[in-house]
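Peer 1: I have a structure here, written as structure tokens, and I will follow up with some questions on it.
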Amino acid sequence: MSCLFWNCRGLGGPLTIHEIGDMLRRFDPTLVFLSETKATSQLIDKLKRRWNCFGFAVDRVGQAGGLVMLWRKETNVDLLSYSQNHIDVEVSCLSTNFKWRCTGFYGQPDQSRRHLSWSLLRHLHTRSELPWIIGGDFNEVLCNSEKLGGNTRSPHFIEDFRSTLIDCGLSVIDFEGYPFTWSNKQEDPFTIRSRLDRVCANEYWSGLFPTARVHHLQYSGSDHTPILLIFEGAHTYIRRRTRRPFRFESMWIRREDCEEVVRRSWDKNMNTNPIEDLLSKTRECRAALIQWSKTTIRSPRVQIEKLEKKIHSLSTRSQTTDVKEEIRTLRAALEQLYGDNDAYWCQRSKVEWIKKVIETLAFSTQRLRLENGLTRLTS
């Protein structure tokens, strides 16, 4: 099992939507908590259908805030409580009858109201004795070594956070990855990085999952890093690759050179027998497309991972004007790759693929009507 927590800083951007979909496919988390969605209920409903999951959302206030907790349809989840700063649920594993509790948390961004976050946390602590994890953006560090750049945090603010965790019987789960989960993305010397996002657990939960780890993932759609809690060890979320049959990928037709690859293979003189000629051309075309895809396009997933790593590496460097411009260029390329990746997975979902075909046919029919000046098609 696993849980994903991310302050996505708005669900309006295509890159953020692509990245969430990619994480759902890649890691298959049991629960997903998103904060600062800045989304309407209509958009949340649309995304739940797109990602094939259930969920509960807290509406934004004006153009800010907004939370959502998502879960797989085979997971049994009961809502316990919610506010503008948290969603608290009870999760039941139907196969083992094991129950546990998960709270998605968003700390008050306003320092003058931060004490309200700690009061809420203490209140949530008293509501249940189940194994409990709480994760999200707490908007506070536990020590000044969790902050790089800017002014040091006041010991008073840090101690308030520490004492709250102690009072609630919570300990921070160890993490793997880059130590900072947030950056203000300003140019040097004004760059500030902090570890604001984490997952905590009570003693009951930690005793059940002593090898659990939090992974700081490399996605660039927000100024916060998504964090993935893996219940059992560090590597259980990696899926094994399986051999797939040949498919003509829908994303290939977005490339101008695809037609030329097909034409060169098809124009070769093969056999005089029409049937054998057709079979030979088909085999040649298939082999040419596979080779072209490997050398020219490759897997969108592989290229996405390379770009995400490069963006992450650049984000950890001194934020000069040139570095920030390179990051912007790479993010634009990344958005294009995620579009290819969505087409790749959409083609593998028969229902979604049929929908896309129907939409394409409807668009083509409408364009034909307009080009011919017709109001309806006649037989």
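Labels for the structure tokens follow display order: chains A, B, ..., residues from 1 in each chain, ligands from 1.
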Find the residues near range 110-126 of chain A: any atom within 10 Å, counting only C-alpha atoms, skip ones fewer than 5 places away on the same chain, and give them as a list in words.
Peer 2: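 Answer for this query is Ser81, Ser83, Asn85, His86, Asp88, Thr103, Phe105, Trp132, Ile134, Phe138, Asn139, Glu140, Phe157, Asp160, Phe161, Arg162, Ser163, Thr164, Leu165, Ile166, Asp167, Cys168, Gly169, Leu170 and Asn202 of chain A.
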Peer 1: Just list as a PDB file with C-alpha atoms, in the first residue's frame whatever in range 47-262 of chain A DSSP marks as alpha helix (DSSP H).
Peer 2:
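See selection-v6.pdb below for the written result:
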```
ATOM      1  CA  LEU A  47     -10.839  14.588 -12.849  1.00  0.00           C
ATOM      2  CA  LYS A  48     -12.311  11.787 -10.749  1.00  0.00           C
ATOM      3  CA  ARG A  49     -13.899  10.365 -13.888  1.00  0.00           C
ATOM      4  CA  ARG A  50     -10.682  10.821 -15.835  1.00  0.00           C
ATOM      5  CA  TRP A  51      -8.616   9.046 -13.176  1.00  0.00           C
ATOM      6  CA  ARG A 114      -0.252  28.915  12.532  1.00  0.00           C
ATOM      7  CA  HIS A 115      -1.356  28.207  16.104  1.00  0.00           C
ATOM      8  CA  LEU A 116      -4.758  27.224  14.685  1.00  0.00           C
ATOM      9  CA  SER A 117      -3.060  24.409  12.759  1.00  0.00           C
ATOM     10  CA  TRP A 118      -1.521  23.020  15.942  1.00  0.00           C
ATOM     11  CA  SER A 119      -4.846  23.282  17.772  1.00  0.00           C
ATOM     12  CA  LEU A 120      -6.515  21.361  14.927  1.00  0.00           C
ATOM     13  CA  LEU A 121      -3.811  18.692  15.062  1.00  0.00           C
ATOM     14  CA  ARG A 122      -4.279  18.219  18.796  1.00  0.00           C
ATOM     15  CA  HIS A 123      -8.045  17.976  18.307  1.00  0.00           C
ATOM     16  CA  LEU A 124      -7.667  15.327  15.585  1.00  0.00           C
ATOM     17  CA  HIS A 125      -5.404  13.318  17.883  1.00  0.00           C
ATOM     18  CA  PRO A 155      13.114  28.757  17.789  1.00  0.00           C
ATOM     19  CA  HIS A 156       9.688  29.659  19.177  1.00  0.00           C
ATOM     20  CA  PHE A 157       7.885  28.645  15.971  1.00  0.00           C
ATOM     21  CA  ILE A 158       9.907  25.457  15.624  1.00  0.00           C
ATOM     22  CA  GLU A 159       9.238  24.480  19.233  1.00  0.00           C
ATOM     23  CA  ASP A 160       5.487  24.962  18.756  1.00  0.00           C
ATOM     24  CA  PHE A 161       5.541  22.409  15.927  1.00  0.00           C
ATOM     25  CA  ARG A 162       7.735  19.960  17.857  1.00  0.00           C
ATOM     26  CA  SER A 163       5.624  20.109  21.000  1.00  0.00           C
ATOM     27  CA  THR A 164       2.443  19.556  18.976  1.00  0.00           C
ATOM     28  CA  LEU A 165       3.830  16.357  17.459  1.00  0.00           C
ATOM     29  CA  ILE A 166       4.942  15.159  20.896  1.00  0.00           C
ATOM     30  CA  ASP A 167       1.538  15.911  22.448  1.00  0.00           C
ATOM     31  CA  GLU A 203       3.157   4.502  17.571  1.00  0.00           C
ATOM     32  CA  TYR A 204       0.433   1.995  16.672  1.00  0.00           C
ATOM     33  CA  TRP A 205       0.886   2.553  12.909  1.00  0.00           C
ATOM     34  CA  SER A 206       4.707   2.665  13.126  1.00  0.00           C
ATOM     35  CA  GLY A 207       4.704  -0.679  14.939  1.00  0.00           C
ATOM     36  CA  LEU A 208       2.708  -2.274  12.124  1.00  0.00           C
ATOM     37  CA  ASP A 257       8.306  11.806 -40.263  1.00  0.00           C
ATOM     38  CA  CYS A 258       5.971   8.889 -39.426  1.00  0.00           C
ATOM     39  CA  GLU A 259       4.325   8.998 -42.859  1.00  0.00           C
ATOM     40  CA  GLU A 260       7.709   8.891 -44.559  1.00  0.00           C
ATOM     41  CA  VAL A 261       8.733   5.790 -42.568  1.00  0.00           C
ATOM     42  CA  VAL A 262       5.556   4.003 -43.651  1.00  0.00           C
TER      43      VAL A 262
END
```
Peer 1: Would you mind listing what lies within 10 Å of Glu187 in chain A as a PyMOL selection string, with only C-alpha atoms counted and same-chain residues fewer than 5 positions away left out?
Peer 2: chain A and resi 192+318-324
Peer 1: Emit the selected residues as a PDB file, in the first residue's frame, including C-alpha atoms.
Peer 2:
```pdb
ATOM      1  CA  ILE A 192      14.771  29.801  -0.310  1.00  0.00           C
ATOM      2  CA  SER A 318      21.929  28.394  -8.070  1.00  0.00           C
ATOM      3  CA  GLN A 319      18.851  29.991  -9.639  1.00  0.00           C
ATOM      4  CA  THR A 320      20.375  32.324 -12.206  1.00  0.00           C
ATOM      5  CA  THR A 321      18.428  33.839 -15.087  1.00  0.00           C
ATOM      6  CA  ASP A 322      19.875  31.274 -17.521  1.00  0.00           C
ATOM      7  CA  VAL A 323      18.985  28.344 -15.261  1.00  0.00           C
ATOM      8  CA  LYS A 324      15.409  29.564 -14.789  1.00  0.00           C
TER       9      LYS A 324
END
```
Peer 1: So that I can check the secondary structure, give me every residue of range 26-222 of chain A assigned strand (DSSP E or B) by backbone DSSP, as a CSV table (one decimal) with N, CA and C atoms, in the first residue's frame.
Peer 2:
```
chain,number,residue,atom,x,y,z
A,31,LEU,N,-4.4,6.0,-1.4
A,31,LEU,CA,-5.0,7.3,-1.2
A,31,LEU,C,-4.1,8.4,-1.8
A,32,VAL,N,-4.8,9.5,-2.3
A,32,VAL,CA,-4.1,10.6,-2.8
A,32,VAL,C,-4.7,11.9,-2.1
A,33,PHE,N,-3.8,12.7,-1.5
A,33,PHE,CA,-4.3,13.9,-0.9
A,33,PHE,C,-3.6,15.1,-1.6
A,34,LEU,N,-4.5,16.0,-2.1
A,34,LEU,CA,-4.0,17.2,-2.8
A,34,LEU,C,-4.5,18.4,-2.1
A,35,SER,N,-3.5,19.4,-1.9
A,35,SER,CA,-3.9,20.6,-1.2
A,35,SER,C,-3.7,21.8,-2.2
A,53,CYS,N,-11.5,7.1,-10.1
A,53,CYS,CA,-11.4,7.0,-8.7
A,53,CYS,C,-12.5,7.7,-8.0
A,54,PHE,N,-12.7,7.4,-6.7
A,54,PHE,CA,-13.7,8.1,-5.9
A,54,PHE,C,-12.9,9.2,-5.1
A,55,GLY,N,-13.7,10.1,-4.5
A,55,GLY,CA,-13.0,11.1,-3.7
A,55,GLY,C,-13.9,12.1,-3.0
A,56,PHE,N,-13.4,12.9,-2.1
A,56,PHE,CA,-14.1,13.9,-1.4
A,56,PHE,C,-13.3,15.2,-1.5
A,57,ALA,N,-13.9,16.3,-1.8
A,57,ALA,CA,-13.2,17.6,-2.0
A,57,ALA,C,-13.8,18.6,-1.1
A,58,VAL,N,-12.9,19.5,-0.6
A,58,VAL,CA,-13.3,20.7,0.1
A,58,VAL,C,-13.1,21.9,-0.9
A,61,VAL,N,-11.8,28.7,-1.5
A,61,VAL,CA,-12.4,29.9,-1.0
A,61,VAL,C,-11.9,31.0,-1.9
A,64,ALA,N,-8.4,30.7,-3.9
A,64,ALA,CA,-7.4,30.0,-3.1
A,64,ALA,C,-7.9,28.8,-2.4
A,67,LEU,N,-9.1,21.4,-1.1
A,67,LEU,CA,-8.5,20.1,-0.8
A,67,LEU,C,-9.2,19.0,-1.5
A,68,VAL,N,-8.6,17.9,-1.7
A,68,VAL,CA,-9.3,16.7,-2.2
A,68,VAL,C,-8.5,15.5,-1.8
A,69,MET,N,-9.3,14.5,-1.3
A,69,MET,CA,-8.8,13.1,-1.0
A,69,MET,C,-9.4,12.2,-2.0
A,70,LEU,N,-8.5,11.5,-2.7
A,70,LEU,CA,-8.9,10.5,-3.8
A,70,LEU,C,-8.6,9.1,-3.3
A,71,TRP,N,-9.3,8.1,-3.8
A,71,TRP,CA,-9.0,6.7,-3.5
A,71,TRP,C,-9.5,5.8,-4.6
A,72,ARG,N,-8.8,4.6,-4.7
A,72,ARG,CA,-9.2,3.6,-5.7
A,72,ARG,C,-10.6,3.1,-5.4
A,76,ASN,N,-12.3,0.8,0.6
A,76,ASN,CA,-13.4,1.2,1.4
A,76,ASN,C,-13.0,2.4,2.3
A,77,VAL,N,-13.5,3.6,2.1
A,77,VAL,CA,-13.1,4.8,2.8
A,77,VAL,C,-14.3,5.4,3.4
A,78,ASP,N,-14.3,5.8,4.7
A,78,ASP,CA,-15.3,6.5,5.4
A,78,ASP,C,-14.8,7.9,5.8
A,79,LEU,N,-15.5,8.9,5.5
A,79,LEU,CA,-15.1,10.3,5.9
A,79,LEU,C,-15.4,10.5,7.3
A,80,LEU,N,-14.4,11.0,8.1
A,80,LEU,CA,-14.6,11.3,9.5
A,80,LEU,C,-14.8,12.7,9.8
A,81,SER,N,-14.0,13.6,9.2
A,81,SER,CA,-14.2,15.0,9.4
A,81,SER,C,-13.4,15.8,8.3
A,82,TYR,N,-13.7,17.1,8.2
A,82,TYR,CA,-12.9,17.9,7.2
A,82,TYR,C,-13.0,19.4,7.6
A,83,SER,N,-12.2,20.1,7.0
A,83,SER,CA,-12.2,21.6,7.2
A,83,SER,C,-11.4,22.2,6.0
A,86,HIS,N,-7.9,20.3,6.4
A,86,HIS,CA,-7.7,18.9,6.6
A,86,HIS,C,-8.8,18.0,6.0
A,87,ILE,N,-8.5,16.8,5.7
A,87,ILE,CA,-9.6,15.8,5.4
A,87,ILE,C,-9.1,14.5,6.1
A,88,ASP,N,-10.0,14.0,7.0
A,88,ASP,CA,-9.7,12.9,7.8
A,88,ASP,C,-10.6,11.7,7.5
A,89,VAL,N,-10.0,10.5,7.1
A,89,VAL,CA,-10.8,9.4,6.7
A,89,VAL,C,-10.3,8.1,7.4
A,90,GLU,N,-11.2,7.2,7.4
A,90,GLU,CA,-10.9,5.8,8.0
A,90,GLU,C,-10.9,4.9,6.8
A,91,VAL,N,-9.9,4.0,6.7
A,91,VAL,CA,-9.7,3.2,5.5
A,91,VAL,C,-9.8,1.7,6.0
A,92,SER,N,-10.6,0.9,5.3
A,92,SER,CA,-10.8,-0.5,5.6
A,92,SER,C,-10.2,-1.4,4.5
A,93,CYS,N,-9.4,-2.3,4.8
A,93,CYS,CA,-8.9,-3.3,3.8
A,93,CYS,C,-9.9,-4.5,3.9
A,98,PHE,N,-8.6,-5.0,8.1
A,98,PHE,CA,-7.7,-4.1,8.8
A,98,PHE,C,-8.1,-2.7,8.6
A,99,LYS,N,-8.2,-1.9,9.7
A,99,LYS,CA,-8.7,-0.5,9.6
A,99,LYS,C,-7.6,0.4,10.1
A,100,TRP,N,-7.4,1.5,9.3
A,100,TRP,CA,-6.4,2.5,9.7
A,100,TRP,C,-7.0,3.9,9.3
A,101,ARG,N,-6.3,4.9,9.8
A,101,ARG,CA,-6.8,6.2,9.6
A,101,ARG,C,-5.7,7.1,8.9
A,102,CYS,N,-6.2,7.9,8.0
A,102,CYS,CA,-5.3,8.8,7.3
A,102,CYS,C,-5.9,10.2,7.3
A,103,THR,N,-5.0,11.2,7.6
A,103,THR,CA,-5.4,12.6,7.6
A,103,THR,C,-4.5,13.3,6.6
A,104,GLY,N,-5.2,14.0,5.6
A,104,GLY,CA,-4.4,14.9,4.8
A,104,GLY,C,-4.5,16.3,5.4
A,105,PHE,N,-3.3,16.9,5.6
A,105,PHE,CA,-3.2,18.1,6.4
A,105,PHE,C,-2.6,19.3,5.6
A,106,TYR,N,-3.1,20.5,5.7
A,106,TYR,CA,-2.6,21.7,5.1
A,106,TYR,C,-2.4,22.7,6.2
A,132,TRP,N,-2.6,5.5,12.8
A,132,TRP,CA,-2.9,6.8,12.2
A,132,TRP,C,-1.7,7.4,11.5
A,133,ILE,N,-1.9,7.8,10.3
A,133,ILE,CA,-0.8,8.6,9.6
A,133,ILE,C,-1.5,10.0,9.2
A,134,ILE,N,-0.6,11.0,9.2
A,134,ILE,CA,-1.1,12.3,8.8
A,134,ILE,C,0.0,12.9,8.0
A,135,GLY,N,-0.3,13.4,6.8
A,135,GLY,CA,0.7,13.9,5.8
A,135,GLY,C,0.2,15.1,5.1
A,136,GLY,N,1.1,15.8,4.5
A,136,GLY,CA,0.8,17.0,3.7
A,136,GLY,C,1.8,18.1,3.9
A,137,ASP,N,1.4,19.3,3.6
A,137,ASP,CA,2.2,20.5,3.7
A,137,ASP,C,1.9,21.1,5.1
A,147,LYS,N,16.0,24.2,6.4
A,147,LYS,CA,15.8,25.4,5.6
A,147,LYS,C,17.1,25.9,5.1
A,148,LEU,N,17.1,26.3,3.8
A,148,LEU,CA,18.3,26.8,3.1
A,148,LEU,C,18.0,28.1,2.5
A,170,LEU,N,3.0,11.6,17.8
A,170,LEU,CA,3.4,11.4,16.4
A,170,LEU,C,4.9,11.5,16.2
A,171,SER,N,5.4,10.7,15.3
A,171,SER,CA,6.8,10.7,14.9
A,171,SER,C,6.9,10.9,13.4
A,172,VAL,N,7.9,11.5,12.9
A,172,VAL,CA,8.1,11.8,11.5
A,172,VAL,C,8.7,10.5,10.8
A,175,PHE,N,12.6,9.7,5.3
A,175,PHE,CA,12.4,10.0,3.9
A,175,PHE,C,13.7,9.6,3.1
A,176,GLU,N,13.5,9.5,1.7
A,176,GLU,CA,14.5,9.3,0.8
A,176,GLU,C,14.4,10.3,-0.3
A,182,TRP,N,10.1,22.2,-0.8
A,182,TRP,CA,9.5,23.5,-1.4
A,182,TRP,C,10.6,24.4,-1.7
A,183,SER,N,10.4,25.2,-2.8
A,183,SER,CA,11.3,26.3,-3.1
A,183,SER,C,10.5,27.5,-3.6
A,193,ARG,N,14.8,27.4,0.2
A,193,ARG,CA,14.3,26.0,0.1
A,193,ARG,C,14.0,25.6,1.5
A,194,SER,N,12.9,24.8,1.7
A,194,SER,CA,12.6,24.3,3.0
A,194,SER,C,11.9,22.9,2.9
A,197,ASP,N,6.9,19.6,3.7
A,197,ASP,CA,6.0,18.5,3.5
A,197,ASP,C,6.5,17.2,4.1
A,198,ARG,N,5.7,16.5,4.8
A,198,ARG,CA,6.2,15.3,5.5
A,198,ARG,C,5.0,14.4,5.9
A,199,VAL,N,5.3,13.2,6.3
A,199,VAL,CA,4.3,12.3,6.8
A,199,VAL,C,4.6,11.8,8.2
A,200,CYS,N,3.7,11.9,9.1
A,200,CYS,CA,3.9,11.5,10.5
A,200,CYS,C,3.0,10.3,10.9
A,201,ALA,N,3.3,9.5,11.9
A,201,ALA,CA,2.5,8.4,12.2
A,201,ALA,C,2.5,8.2,13.8
A,202,ASN,N,1.4,7.6,14.3
A,202,ASN,CA,1.4,7.3,15.7
A,202,ASN,C,2.2,6.0,16.0
A,213,ARG,N,8.7,4.1,4.4
A,213,ARG,CA,9.6,5.2,4.0
A,213,ARG,C,8.7,6.2,3.2
A,214,VAL,N,9.1,7.4,3.2
A,214,VAL,CA,8.6,8.5,2.4
A,214,VAL,C,9.6,8.8,1.3
A,215,HIS,N,9.1,8.9,0.1
A,215,HIS,CA,9.9,9.2,-1.1
A,215,HIS,C,9.6,10.6,-1.6
A,216,HIS,N,10.6,11.4,-1.7
A,216,HIS,CA,10.4,12.8,-2.3
A,216,HIS,C,10.6,12.6,-3.8
```
Peer 1: Using only C-alpha atoms, determine which residues lie at most 10 Å from Leu307 in chain A, disregarding the query and same-chain residues fewer than 6 positions distant; provide the list as a count of residues only.
Peer 2: 11
